[in-house]
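Have a look at the structure below before the remarks.
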Amino acid sequence: MVIDLSRCLGCWTCALGCKAENDEPIGIWWNRILTTGGKEMDTPSGTYPDVRMTYMPINCQHCDNAPCVKVCPVGALRKRDDGIVFLDWDRCIGCRYCLVACPYGIPAFNWAPPVQVPDNSQFKLGAPAVPVRPVGVAEKCTFCFHRVDVGNLTPACIEVCPAGARFFGDLDDPNSQVSQIIQTKPTMRLREELGTEPSVYYVPPRNPTRPQEVSAT
Amino acid sequence: MKVNEGSLLQPLLKTGTAFYVFVGALLVLTGWFLYCWYTQLSEGLIVTGMRSVYNAPNYMAYGVAGGSPWGIYVTTFIFWIGISHAGIAISASVRLMNLVKYKVVARMAEVLTLVALPMAALSIVFDVGRPDRLFNLLQFGRFQAPLLWDLSAITTYFMATIIYLYLSLRGDIDELARKLPKREKFYKRLAMNYEGTETDKARHTQTLWWLAIAIIPIMVTVHSVVSFVFGLMVARAEWYSTIFAIYFVVGAIVSGVAAVYSLAWIFRWLYKWQSLITDEVLKGISWALRNVLIIYLYLWIAEVLTTSYMGPSAELRVSDFLWSGPYAVIFWPLAIIGFGIPAIILLMPVFAKRLFNPMLIFIASIILNIAFWIKRFTIVVPSLLNPPLYQTGIYIPTITEASIILGTFWMATLLYVLFVKMFPIIELDAVRE
């Protein structure tokens, strides 16, 4: 996956699309959009007037050398041949070691019995292929493998992104769109120094808009 | 040593009102614990104060409800493992180095291990979200995962402890069958046809000696693998360090020896065994306690300096959090009252022999044990509250969570008291020698 930060609007559509597709209960986000400035939404970084507004959408990085897969005591977290790291919530014992081991803070835990809004009995969100998770297990982004396995479909977050900031494809195929972007644009990966070999590449933001420049034009 | 053997059986023979009140209180507290555990099982871990980033059912919003995915359950797990440590280790070293003088505390220490290990295992049962699926650990267990190392090391240690304790107890049980006719049947069955001949005794002694040799490395392994649960996590600041295994093992020895000292003092005070557990014995234990404590403090300083002098920003963030941030209110009392004062009390007799006061050292050992629980808390939680990429979170244990944890203490005390009522807490042989 490639996320072009210079295109990201910080609109959270990817997070909502993900939530709808995967039927994530209240309090659980497989996809989050961080801002560099602070913990509130849309917080710019820096001091006025020299402030920058940048977003950092984070979902599971599907590391090649995934710490969560390494530490899972029951092998509930596994890596598929195509590199997708998924969590088998029928096997998870809820020890939360993956929450502790993940450098990106990705796995979420069902602290309470999951509550869906709208209520599942009235209106069922989520793809039929995605089962509801029980209380007491961890869950995380699956790169929507239920969609990817079908063939032409891409993950829900790619589908819904209004800015076209997210790209999905096979990194092993040099002709795929994602490989092309990585070859032509500068990219970075999160906390690369840890050697986790994440599969999500970020295109850094271009010169961010500064307020004084905006007012000048 | 001229001691009436009858005084050793005193706890088995006499049972006063105070005992029933004590056990009754423990049972009530255990009942409250069971209720709290039931609440947690039915409502999920939401009843605890643990949370993680972007993951809190009470928050509809996108706001970061940061928290610690592990809390006092894991802290208590480390604590009980630490306590269990010294127990059988002391006993094994007494046997291997033939320290006849300390034989009087050997069994107290063994039983401590025996009650502490199940409590450690229970703490993990409280911690997991799906205790009903724990058998997955056997079915799907991956030996590449640190938690499986824990599981195997702890079960090995537990089995070794049970066998060791039983073998050293068997002769005494056989003797009790003759001395207490009322419970003869029970003891006879438990002794499993022990004959008590010279060859029998020699065989027991020899087996115990070999077991003792096996137990020492197992004990080091157990706490090392507990440290590996944390020390191998590259994702978390302050944890990822080579010192962790040694640091944990030494810490466990300090807390374990302190616990054994407290127990020895309590028994001596309760049953007036001054002639049995002499000042000399207590002095010896406190001497060992002082030395390992100094090694521990040295390791602590080395660790603190490494993470705070120039450390990468993530490490500095956690150490600032601990030193001058929200956890400073825990950290400084811990350092000054929890470790400073016991260290001074234990060091005093070095300068003037008459400053040795068994009761003062008892207080120091109790403080040390509380301090070690808090120390483990300050190892586990601050790193988890400061995840890189995210904001600092907050963790406040709930009353339910605390009651469950205290439950392990009530149960451990209960088990210990029951053992004391059923078996001699000092080896009968130790008195004869």
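A note on labels: chains of the structure tokens are A, B, ... as shown, every chain counts residues from 1, and ligands are counted from 1 in their shown order.
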Give me the residues of stretch 89-206 of chain A that have any atom at most 7 Å from an atom of stretch 27-48 of chain A; for each, the nearest atom pair and the distance in Å, rounded to one decimal. Use only C-alpha atoms, sort by chain and number, and format it as CSV.
```
residue,atom,partner,partner_atom,distance
A:Ala108,CA,A:Ile28,CA,6.3
A:Lys140,CA,A:Trp30,CA,5.5
A:Cys141,CA,A:Trp30,CA,5.3
```
Dump of C-alpha atoms for the selected residues, as an mmCIF file, in the first residue's frame:
```
data_model
loop_
_atom_site.group_PDB
_atom_site.id
_atom_site.type_symbol
_atom_site.label_atom_id
_atom_site.label_comp_id
_atom_site.auth_asym_id
_atom_site.auth_seq_id
_atom_site.Cartn_x
_atom_site.Cartn_y
_atom_site.Cartn_z
ATOM 1 C CA ALA A 108 -7.257 -2.999 19.093
ATOM 2 C CA LYS A 140 -6.848 -5.307 13.405
ATOM 3 C CA CYS A 141 -6.744 -4.341 9.741
#
```
Subject >> Expected answer as a PyMOL selection string: chain B residues within 7 Å of chain A, only C-alpha atoms >> reply: chain B and resi 43-46+53-60+63-64+69+127-131+133-134+136-137+140-142+144-148+233-235+389+391
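Nearest to B:Leu297 of all the residues B:Phe372, B:Phe356, B:Trp269, B:Tyr240 is B:Phe372, based on only C-alpha atoms.
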Subject >> Residues within 10 Å of B:Glu184, only C-alpha atoms, excluding chain neighbours under 5 positions, as a PyMOL selection string >> reply: chain B and resi 173-179+189-190
Selection above as a file: C-alpha atoms, as a CSV table (one decimal), in the first residue's frame:
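Written out: part_32.csv:
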```csv
chain,number,residue,atom,x,y,z
B,173,ILE,CA,4.6,-37.2,57.2
B,174,ASP,CA,5.5,-40.7,58.1
B,175,GLU,CA,6.5,-39.6,61.6
B,176,LEU,CA,3.4,-37.5,62.0
B,177,ALA,CA,1.3,-40.6,61.3
B,178,ARG,CA,2.8,-42.1,64.4
B,179,LYS,CA,2.6,-39.0,66.5
B,189,ARG,CA,-1.9,-42.4,52.8
B,190,LEU,CA,0.1,-39.3,52.0
```
**OP:** as a ChimeraX atom specification, please: all residues of stretch 298-422 of chain B that backbone DSSP puts in helix (DSSP H, G or I).
**Re:** /B:298-308,313-323,328-351,353-355,358-385,399-422
**OP:** Quick one: pull the distance between atom CA of A:Met53 and atom CA of B:Ser319, Å, one decimal.
**Re:** 29.5 Å
**OP:** Tell me, as number ranges by chain, which residues lie within 9 Å of A:Gln116, counting only C-alpha atoms; anything in the same chain fewer than 2 positions away does not count.
**Re:** A: 23-26, 114, 118-120, 124-125
**OP:** Measure the distance from atom CA of A:Leu9 to atom CA of A:Arg52 in Å and round it to one decimal.
**Re:**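 Distance between the two atoms: 13.1 Å.
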Spatial neighbours of B:Gln274, 12 Å, only C-alpha atoms, chain gap at least 4 places, as a PDB file with C-alpha atoms, in the first residue's frame:
```pdb
ATOM      1  CA  MET B   1      20.254 -27.238  69.488  1.00  0.00           C
ATOM      2  CA  LYS B   2      18.099 -28.309  72.378  1.00  0.00           C
ATOM      3  CA  VAL B   3      14.502 -27.794  71.415  1.00  0.00           C
ATOM      4  CA  SER B   7       6.996 -27.165  70.141  1.00  0.00           C
ATOM      5  CA  VAL B 104      15.114 -24.263  59.741  1.00  0.00           C
ATOM      6  CA  ALA B 264      10.820 -16.536  59.417  1.00  0.00           C
ATOM      7  CA  TRP B 265      10.339 -13.524  61.663  1.00  0.00           C
ATOM      8  CA  ILE B 266       6.566 -13.980  61.809  1.00  0.00           C
ATOM      9  CA  PHE B 267       6.853 -17.657  62.765  1.00  0.00           C
ATOM     10  CA  ARG B 268       9.479 -16.896  65.355  1.00  0.00           C
ATOM     11  CA  TRP B 269       7.295 -14.217  66.879  1.00  0.00           C
ATOM     12  CA  LEU B 270       4.064 -16.216  66.647  1.00  0.00           C
ATOM     13  CA  THR B 278      18.048 -17.805  66.268  1.00  0.00           C
ATOM     14  CA  ASP B 279      19.295 -14.256  65.847  1.00  0.00           C
ATOM     15  CA  GLU B 280      22.220 -15.848  64.098  1.00  0.00           C
ATOM     16  CA  VAL B 281      19.964 -17.320  61.390  1.00  0.00           C
ATOM     17  CA  LEU B 282      18.069 -14.072  60.886  1.00  0.00           C
ATOM     18  CA  PRO B 358      15.493  -8.379  63.888  1.00  0.00           C
TER      19      PRO B 358
END
```
Subject >> Counting only C-alpha atoms, the option among B:Leu114, B:Ile253, B:Leu122, B:Leu384 closest to B:Phe77 >> reply: B:Leu122
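Nearest to B:Lys103 of all the residues B:Thr39, B:Ser152, B:Thr398, B:Ser168 is B:Ser168, counting only C-alpha atoms.
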12 Å contact set for B:Ser91, only C-alpha atoms, chain neighbours under 4 positions out, as a PDB file with N, CA and C atoms, in the first residue's frame:
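Done, and the output landed in selection_38.pdb:
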```pdb
ATOM      1  N   SER B  84       8.289 -16.316  44.341  1.00  0.00           N
ATOM      2  CA  SER B  84       8.479 -17.759  44.257  1.00  0.00           C
ATOM      3  C   SER B  84       9.943 -18.115  44.108  1.00  0.00           C
ATOM      4  N   HIS B  85      10.692 -17.124  43.640  1.00  0.00           N
ATOM      5  CA  HIS B  85      12.062 -17.337  43.276  1.00  0.00           C
ATOM      6  C   HIS B  85      12.933 -17.816  44.383  1.00  0.00           C
ATOM      7  N   ALA B  86      12.961 -17.018  45.425  1.00  0.00           N
ATOM      8  CA  ALA B  86      13.940 -17.274  46.455  1.00  0.00           C
ATOM      9  C   ALA B  86      13.585 -18.538  47.172  1.00  0.00           C
ATOM     10  N   GLY B  87      12.282 -18.749  47.349  1.00  0.00           N
ATOM     11  CA  GLY B  87      11.842 -19.881  48.131  1.00  0.00           C
ATOM     12  C   GLY B  87      12.689 -21.099  47.927  1.00  0.00           C
ATOM     13  N   ARG B  95      20.777 -27.028  50.769  1.00  0.00           N
ATOM     14  CA  ARG B  95      21.120 -28.433  50.598  1.00  0.00           C
ATOM     15  C   ARG B  95      22.460 -28.613  49.893  1.00  0.00           C
ATOM     16  N   LEU B  96      22.657 -27.829  48.832  1.00  0.00           N
ATOM     17  CA  LEU B  96      23.874 -28.025  48.039  1.00  0.00           C
ATOM     18  C   LEU B  96      25.106 -27.577  48.796  1.00  0.00           C
ATOM     19  N   MET B  97      25.002 -26.467  49.526  1.00  0.00           N
ATOM     20  CA  MET B  97      26.182 -25.948  50.216  1.00  0.00           C
ATOM     21  C   MET B  97      26.234 -26.434  51.654  1.00  0.00           C
ATOM     22  N   ASN B  98      25.274 -27.284  51.984  1.00  0.00           N
ATOM     23  CA  ASN B  98      25.243 -27.891  53.303  1.00  0.00           C
ATOM     24  C   ASN B  98      25.249 -26.853  54.427  1.00  0.00           C
ATOM     25  N   LEU B  99      24.374 -25.862  54.311  1.00  0.00           N
ATOM     26  CA  LEU B  99      24.288 -24.818  55.328  1.00  0.00           C
ATOM     27  C   LEU B  99      23.303 -25.282  56.408  1.00  0.00           C
ATOM     28  N   VAL B 100      23.787 -26.149  57.277  1.00  0.00           N
ATOM     29  CA  VAL B 100      22.898 -26.793  58.244  1.00  0.00           C
ATOM     30  C   VAL B 100      22.134 -25.755  59.075  1.00  0.00           C
ATOM     31  N   LYS B 101      22.809 -24.656  59.366  1.00  0.00           N
ATOM     32  CA  LYS B 101      22.227 -23.627  60.227  1.00  0.00           C
ATOM     33  C   LYS B 101      20.893 -23.112  59.681  1.00  0.00           C
ATOM     34  N   TYR B 102      20.830 -22.999  58.336  1.00  0.00           N
ATOM     35  CA  TYR B 102      19.646 -22.379  57.733  1.00  0.00           C
ATOM     36  C   TYR B 102      18.566 -23.388  57.374  1.00  0.00           C
ATOM     37  N   LYS B 103      18.774 -24.638  57.784  1.00  0.00           N
ATOM     38  CA  LYS B 103      17.800 -25.654  57.425  1.00  0.00           C
ATOM     39  C   LYS B 103      16.419 -25.334  58.017  1.00  0.00           C
ATOM     40  N   VAL B 104      16.401 -24.573  59.108  1.00  0.00           N
ATOM     41  CA  VAL B 104      15.114 -24.263  59.741  1.00  0.00           C
ATOM     42  C   VAL B 104      14.201 -23.415  58.861  1.00  0.00           C
ATOM     43  N   VAL B 105      14.790 -22.639  57.948  1.00  0.00           N
ATOM     44  CA  VAL B 105      13.933 -21.814  57.095  1.00  0.00           C
ATOM     45  C   VAL B 105      13.682 -22.458  55.738  1.00  0.00           C
ATOM     46  N   ALA B 106      14.308 -23.610  55.496  1.00  0.00           N
ATOM     47  CA  ALA B 106      14.223 -24.211  54.157  1.00  0.00           C
ATOM     48  C   ALA B 106      12.787 -24.501  53.759  1.00  0.00           C
ATOM     49  N   ARG B 107      12.039 -25.142  54.659  1.00  0.00           N
ATOM     50  CA  ARG B 107      10.693 -25.532  54.250  1.00  0.00           C
ATOM     51  C   ARG B 107       9.765 -24.332  54.093  1.00  0.00           C
ATOM     52  N   MET B 108       9.916 -23.350  54.995  1.00  0.00           N
ATOM     53  CA  MET B 108       9.116 -22.124  54.841  1.00  0.00           C
ATOM     54  C   MET B 108       9.277 -21.574  53.433  1.00  0.00           C
ATOM     55  N   ALA B 109      10.525 -21.587  52.991  1.00  0.00           N
ATOM     56  CA  ALA B 109      10.831 -21.040  51.671  1.00  0.00           C
ATOM     57  C   ALA B 109      10.205 -21.888  50.575  1.00  0.00           C
ATOM     58  N   GLU B 110      10.285 -23.217  50.731  1.00  0.00           N
ATOM     59  CA  GLU B 110       9.722 -24.093  49.699  1.00  0.00           C
ATOM     60  C   GLU B 110       8.216 -23.880  49.557  1.00  0.00           C
ATOM     61  N   VAL B 111       7.550 -23.808  50.697  1.00  0.00           N
ATOM     62  CA  VAL B 111       6.094 -23.655  50.648  1.00  0.00           C
ATOM     63  C   VAL B 111       5.726 -22.308  50.026  1.00  0.00           C
ATOM     64  N   LEU B 112       6.567 -21.309  50.303  1.00  0.00           N
ATOM     65  CA  LEU B 112       6.325 -19.995  49.704  1.00  0.00           C
ATOM     66  C   LEU B 112       6.316 -20.108  48.184  1.00  0.00           C
ATOM     67  N   THR B 113       7.293 -20.823  47.648  1.00  0.00           N
ATOM     68  CA  THR B 113       7.327 -21.039  46.201  1.00  0.00           C
ATOM     69  C   THR B 113       6.067 -21.741  45.737  1.00  0.00           C
ATOM     70  N   THR B 161       9.176 -28.118  42.110  1.00  0.00           N
ATOM     71  CA  THR B 161       8.944 -27.686  43.483  1.00  0.00           C
ATOM     72  C   THR B 161       8.093 -28.690  44.243  1.00  0.00           C
ATOM     73  N   TYR B 164      10.080 -31.827  44.921  1.00  0.00           N
ATOM     74  CA  TYR B 164      11.118 -31.525  45.901  1.00  0.00           C
ATOM     75  C   TYR B 164      10.519 -31.424  47.304  1.00  0.00           C
ATOM     76  N   LEU B 165       9.428 -30.683  47.386  1.00  0.00           N
ATOM     77  CA  LEU B 165       8.796 -30.499  48.692  1.00  0.00           C
ATOM     78  C   LEU B 165       8.278 -31.833  49.225  1.00  0.00           C
ATOM     79  N   SER B 168      11.083 -34.081  50.503  1.00  0.00           N
ATOM     80  CA  SER B 168      11.674 -33.642  51.767  1.00  0.00           C
ATOM     81  C   SER B 168      10.670 -33.747  52.909  1.00  0.00           C
ATOM     82  N   LEU B 208      17.069 -35.677  46.399  1.00  0.00           N
ATOM     83  CA  LEU B 208      16.863 -34.259  46.684  1.00  0.00           C
ATOM     84  C   LEU B 208      18.072 -33.447  46.257  1.00  0.00           C
ATOM     85  N   TRP B 209      19.237 -34.018  46.455  1.00  0.00           N
ATOM     86  CA  TRP B 209      20.454 -33.295  46.094  1.00  0.00           C
ATOM     87  C   TRP B 209      20.493 -33.048  44.587  1.00  0.00           C
ATOM     88  N   LEU B 211      17.912 -33.063  42.579  1.00  0.00           N
ATOM     89  CA  LEU B 211      16.827 -32.136  42.249  1.00  0.00           C
ATOM     90  C   LEU B 211      17.245 -30.698  42.519  1.00  0.00           C
ATOM     91  N   ALA B 212      17.959 -30.516  43.636  1.00  0.00           N
ATOM     92  CA  ALA B 212      18.416 -29.172  43.990  1.00  0.00           C
ATOM     93  C   ALA B 212      19.317 -28.624  42.894  1.00  0.00           C
ATOM     94  N   ILE B 213      20.172 -29.490  42.354  1.00  0.00           N
ATOM     95  CA  ILE B 213      21.054 -29.052  41.270  1.00  0.00           C
ATOM     96  C   ILE B 213      20.236 -28.642  40.053  1.00  0.00           C
ATOM     97  N   ILE B 215      17.141 -27.558  40.111  1.00  0.00           N
ATOM     98  CA  ILE B 215      16.234 -26.450  40.400  1.00  0.00           C
ATOM     99  C   ILE B 215      16.897 -25.087  40.241  1.00  0.00           C
ATOM    100  N   ILE B 216      18.180 -24.993  40.578  1.00  0.00           N
ATOM    101  CA  ILE B 216      18.844 -23.684  40.500  1.00  0.00           C
ATOM    102  C   ILE B 216      18.793 -23.125  39.073  1.00  0.00           C
ATOM    103  N   MET B 219      15.249 -22.082  38.169  1.00  0.00           N
ATOM    104  CA  MET B 219      14.857 -20.836  38.817  1.00  0.00           C
ATOM    105  C   MET B 219      15.394 -19.622  38.058  1.00  0.00           C
ATOM    106  N   GLY B 256      12.335 -12.221  46.978  1.00  0.00           N
ATOM    107  CA  GLY B 256      12.116 -13.536  47.563  1.00  0.00           C
ATOM    108  C   GLY B 256      12.788 -13.693  48.913  1.00  0.00           C
ATOM    109  N   VAL B 257      14.031 -13.251  49.009  1.00  0.00           N
ATOM    110  CA  VAL B 257      14.741 -13.374  50.286  1.00  0.00           C
ATOM    111  C   VAL B 257      14.046 -12.515  51.343  1.00  0.00           C
ATOM    112  N   VAL B 260      11.094 -14.402  52.566  1.00  0.00           N
ATOM    113  CA  VAL B 260      11.465 -15.492  53.462  1.00  0.00           C
ATOM    114  C   VAL B 260      11.844 -14.938  54.836  1.00  0.00           C
ATOM    115  N   ILE B 426       8.825 -26.510  59.915  1.00  0.00           N
ATOM    116  CA  ILE B 426      10.279 -26.661  60.035  1.00  0.00           C
ATOM    117  C   ILE B 426      10.572 -28.152  59.964  1.00  0.00           C
ATOM    118  N   GLU B 427      11.572 -28.508  59.161  1.00  0.00           N
ATOM    119  CA  GLU B 427      11.901 -29.928  59.029  1.00  0.00           C
ATOM    120  C   GLU B 427      12.228 -30.519  60.396  1.00  0.00           C
TER     121      GLU B 427
END
```
